[in-house]
Amino acid sequence: MKKIIVVFLFLSFYETGKAQTYIPTLKNNTELNYVCKLHGQTRTLSLKAETAKGGLTFKLETRGVKSSIVMLPEAVEKGNALSFNQGEYEPVLNLKPTETFFMISRSAYQDLIKSSSFVYNNTTYVLDKSEDKNPVSIDGKIVDALHVIAQIDETEMWIVKNPEYPLICKIIKNPLGINFVLVKVDDK
């Protein structure tokens with residue numbers, strides 16, 4: 001009888017802990033709020049999603065800068081490069097067919113799931129299978145994310161476990177000096 005009670009308690013705590021994970025989804029008008037560290041400065045950044053015909057546009061707003069960053073359907077599907085453009089140069093920025101913004105492509109995500117690695121910006125990122133000691137948390141819930149580490153530098157990324165829109169919810173140690181973390185998701 002004691003074993004049954006212990007097993008029941010274990011399963012109860014397991015389900016409670018498991019229920020506290022969170023997978024952000026993306027649809028029209030979902031607003032993502034990030035805190036960015038840009039070359040030693042801290043700023044907030046808001047991205048409002050617009051999905052249409054397989055493509056994705058983020059309406060970016062940060063410190064008076066407003067811009068629409070447009071990802072083509074082929075980039076969302078098979079892109080292999082991350083754009084770090086900050087939106088200050090044009091009111092509408094059409095990314096290259098290979099570029100994504102604040103996310104990796106669906107094919108890169110599938111590579112990560114299948115082979116525990118993917119290549120982006122000519123850099124191989126490998127899944128860190130050790131326990132994540134630095135997870136992303138939103139409203140007290142741990143974001144269910146895959147932690148990857150670059151093989152040529154110390155860049156680390158946390159990618160949301162969402163095959164449709166594998167958002168990057170955190171980057172640290174980026175040699176470009178652009179690091180960010182997702183702090184809020186509002187899917188009105």
# chains A, B, ... in the order shown; residues from 1 in each chain; ligands from 1

$ closest_atom_pairs --of "range 78-119 of chain A" --to "range 17-41 of chain A" --cutoff "12 Å" --atoms "only C-alpha atoms" --output "tab-separated table"
residue	atom	partner	partner_atom	distance
A:Phe84	CA	A:Leu38	CA	10.6
A:Asn85	CA	A:Leu38	CA	11.6
A:Gln86	CA	A:Leu38	CA	9.9
A:Phe102	CA	A:Leu32	CA	10.1
A:Met103	CA	A:Leu26	CA	11.2

$ select_by_dssp --residues "range 43-125 of chain A" --states "helix (DSSP H, G or I)" --output "number ranges by chain"
A: 73-78, 106-115

$ closest_atom_pairs --of "range 125-179 of chain A" --to "range 111-121 of chain A" --cutoff "10 Å" --atoms "only C-alpha atoms" --output "tab-separated table"
residue	atom	partner	partner_atom	distance
A:Tyr125	CA	A:Ser117	CA	5.4
A:Val126	CA	A:Ser117	CA	4.3
A:Leu127	CA	A:Ser116	CA	5.1
A:Asp128	CA	A:Ser116	CA	8.5
A:Lys129	CA	A:Ser116	CA	9.0
A:Leu146	CA	A:Leu112	CA	8.9
A:Val148	CA	A:Ser117	CA	7.9
A:Ile149	CA	A:Ser117	CA	9.2
A:Ala150	CA	A:Val119	CA	9.2
A:Lys161	CA	A:Ile113	CA	9.5
A:Pro163	CA	A:Ile113	CA	9.5

$ residues_around --residues "Ile171 in chain A" --least-positions-apart "6" --cutoff "7 Å" --atoms "only C-alpha atoms" --output "ChimeraX atom specification"
/A:156-158,179-181

$ select_by_dssp --residues "range 7-146 of chain A" --states "strand (DSSP E or B)" --output "ChimeraX atom specification"
/A:21-22,30-38,41-52,55-62,65-71,81-82,92-94,99-100,103,117-120,123-127,137-138,141-143,145-146

$ closest_residue --among "A:Lys66, A:Ser130, A:Gly79, A:Gln110" --to "Thr98 in chain A" --atoms "only C-alpha atoms"
A:Gly79

$ atom_distance --atom1 "CA of Ile159 in chain A" --atom2 "CA of Lys133 in chain A"
15.0 Å
